[in-house]
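Engineer: Have a look at this one.
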Amino acid sequence: ARQNMMGEWELNNLPVIERAKLNKPAPLLDQVYDMQGKLVDPAMLKGKTIVIDFWATWCIPCIEGFPYMQQVYNRYKDNKDVIFMITNSGSKNSLKDAQDWVAANGFTFPFYYNDRKLAEAFGVNTIPSTFVIDKTGNIQYRTVGFEGPIMEAKLGLQIKSALK
């Protein structure tokens with residue numbers, strides 16, 4: 001039943017989502033670290049649709065959104081054209097804080113870390129903030145805050161639209 005409801009929501013909302021496209025160049029993702037502290041090679045992101053979500057360990061709405069993010073990730077994890085970057089914004093968090101939190105919680109989507117410069121480059125002043133970047137490097141969608149269960153369907157549609 002849940003799948004049917006989601007499918008119906010998607011059909012009704014795809015035109016709305018399509019009209020909301022931003023088409024704005026994304027900042028360079030050249031200062032992002034994985035949870036081992038290794039710098040991510042921006043070349044691996046070329047031509048990909050990227051979901052980047054800024055969060056912090058102390059941000060309750062960020063963490064409330066993770067189960068829904070996990071559902072969307074599960075749907076796209078085998079798609080080589082989609083990359084998820086759940087990026088600790090570095091706001092009152094060190095890489096170690098992020099590593100400890102990730103180790104203690106059972107989410108399987110990829111976590112990253114940045115020292116606030118990236119969040120600033122994206123104009124983030126509230127977290128969670130989620131961006132969907134298309135394969136040409138343009139930000140197509142930006143969502144600020146946690147919108148509840150609808151997040152799963154909405155983000156799924158944004159990715160579907162950005163992949164076109």
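The chains in the structure tokens are called A, B, ... from first to last as shown; in each chain the residues are counted from 1, and the ligands are counted from 1 in the order shown.
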When DSSP is applied to the backbone of this structure, which of range 32-71 of chain A are assigned helix (DSSP H, G or I)? Write them out as a list in words.
Structural biologist: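 Residues of range 32-71 of chain A classed as helix (DSSP H, G or I): Pro42, Ala43, Met44, Leu45, Ile60, Pro61, Cys62, Ile63, Glu64, Gly65, Phe66, Pro67, Tyr68, Met69, Gln70 and Gln71 of chain A.
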Engineer: Write out, as a short mmCIF file (atom, residue, chain, number, x, y, z; two decimals), in the first residue's frame, the residues just selected, with N, CA and C atoms.
Structural biologist:
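The resulting file, part-v3.cif, is reproduced below:
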data_model
loop_
_atom_site.label_atom_id
_atom_site.label_comp_id
_atom_site.auth_asym_id
_atom_site.auth_seq_id
_atom_site.Cartn_x
_atom_site.Cartn_y
_atom_site.Cartn_z
N PRO A 42 37.81 14.86 -7.00
CA PRO A 42 36.66 15.43 -7.71
C PRO A 42 36.40 14.75 -9.07
N ALA A 43 37.42 14.11 -9.64
CA ALA A 43 37.26 13.43 -10.94
C ALA A 43 36.24 12.30 -10.85
N MET A 44 36.13 11.66 -9.67
CA MET A 44 35.16 10.55 -9.53
C MET A 44 33.71 11.05 -9.54
N LEU A 45 33.54 12.36 -9.41
CA LEU A 45 32.19 12.94 -9.38
C LEU A 45 31.74 13.44 -10.74
N ILE A 60 19.32 17.51 15.52
CA ILE A 60 18.24 16.51 15.63
C ILE A 60 17.47 16.35 14.30
N PRO A 61 17.03 17.45 13.65
CA PRO A 61 16.31 17.28 12.38
C PRO A 61 17.15 16.56 11.31
N CYS A 62 18.47 16.79 11.32
CA CYS A 62 19.35 16.10 10.36
C CYS A 62 19.22 14.60 10.55
N ILE A 63 19.33 14.18 11.81
CA ILE A 63 19.33 12.76 12.15
C ILE A 63 17.94 12.15 11.96
N GLU A 64 16.89 12.93 12.19
CA GLU A 64 15.52 12.45 11.96
C GLU A 64 15.30 12.14 10.47
N GLY A 65 16.02 12.83 9.61
CA GLY A 65 15.88 12.61 8.17
C GLY A 65 16.64 11.40 7.65
N PHE A 66 17.61 10.91 8.43
CA PHE A 66 18.47 9.82 7.95
C PHE A 66 17.72 8.53 7.58
N PRO A 67 16.71 8.09 8.35
CA PRO A 67 15.99 6.87 7.92
C PRO A 67 15.37 7.02 6.53
N TYR A 68 14.90 8.22 6.20
CA TYR A 68 14.31 8.47 4.88
C TYR A 68 15.40 8.55 3.82
N MET A 69 16.51 9.19 4.18
CA MET A 69 17.67 9.25 3.28
C MET A 69 18.13 7.82 2.97
N GLN A 70 18.13 6.97 4.00
CA GLN A 70 18.54 5.57 3.82
C GLN A 70 17.65 4.88 2.79
N GLN A 71 16.34 5.12 2.86
CA GLN A 71 15.40 4.51 1.91
C GLN A 71 15.71 4.96 0.47
#
Engineer: Among the residues of chain A, find those DSSP assigns to strand (DSSP E or B) from the backbone and print them as a PyMOL selection string.
Structural biologist: chain A and resi 24-25+33-34+39+49-55+82-88+111-113+129-133+138-144
Engineer: With distances taken over only C-alpha atoms, which of A:Thr87, A:Asn23, A:Asn105, A:Asn12 is nearest to Pro128 in chain A?
Structural biologist: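 Checking each of A:Thr87, A:Asn23, A:Asn105, A:Asn12 against Pro128 in chain A, counting only C-alpha atoms, the winner is A:Thr87.
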Engineer: Using only C-alpha atoms, which of A:Gly106, A:Ala162, A:Val72, A:Asp81 sits nearest Lys46 in chain A?
Structural biologist: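 Of A:Gly106, A:Ala162, A:Val72, A:Asp81, the one nearest Lys46 in chain A is A:Asp81, counting only C-alpha atoms.
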Engineer: With only C-alpha atoms as the basis for distance, which of A:Lys77, A:Lys24, A:Lys48, A:Lys117 is at the shortest distance from Lys135 in chain A?
Structural biologist: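 The closest residue to Lys135 in chain A is A:Lys48.
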Engineer: Of the candidates A:Thr130, A:Lys80, A:Ser161, A:Phe111, which shows the shortest atom-to-atom distance to Glu147 in chain A, using only C-alpha atoms?
Structural biologist: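 The answer is A:Thr130, which sits nearest to Glu147 in chain A.
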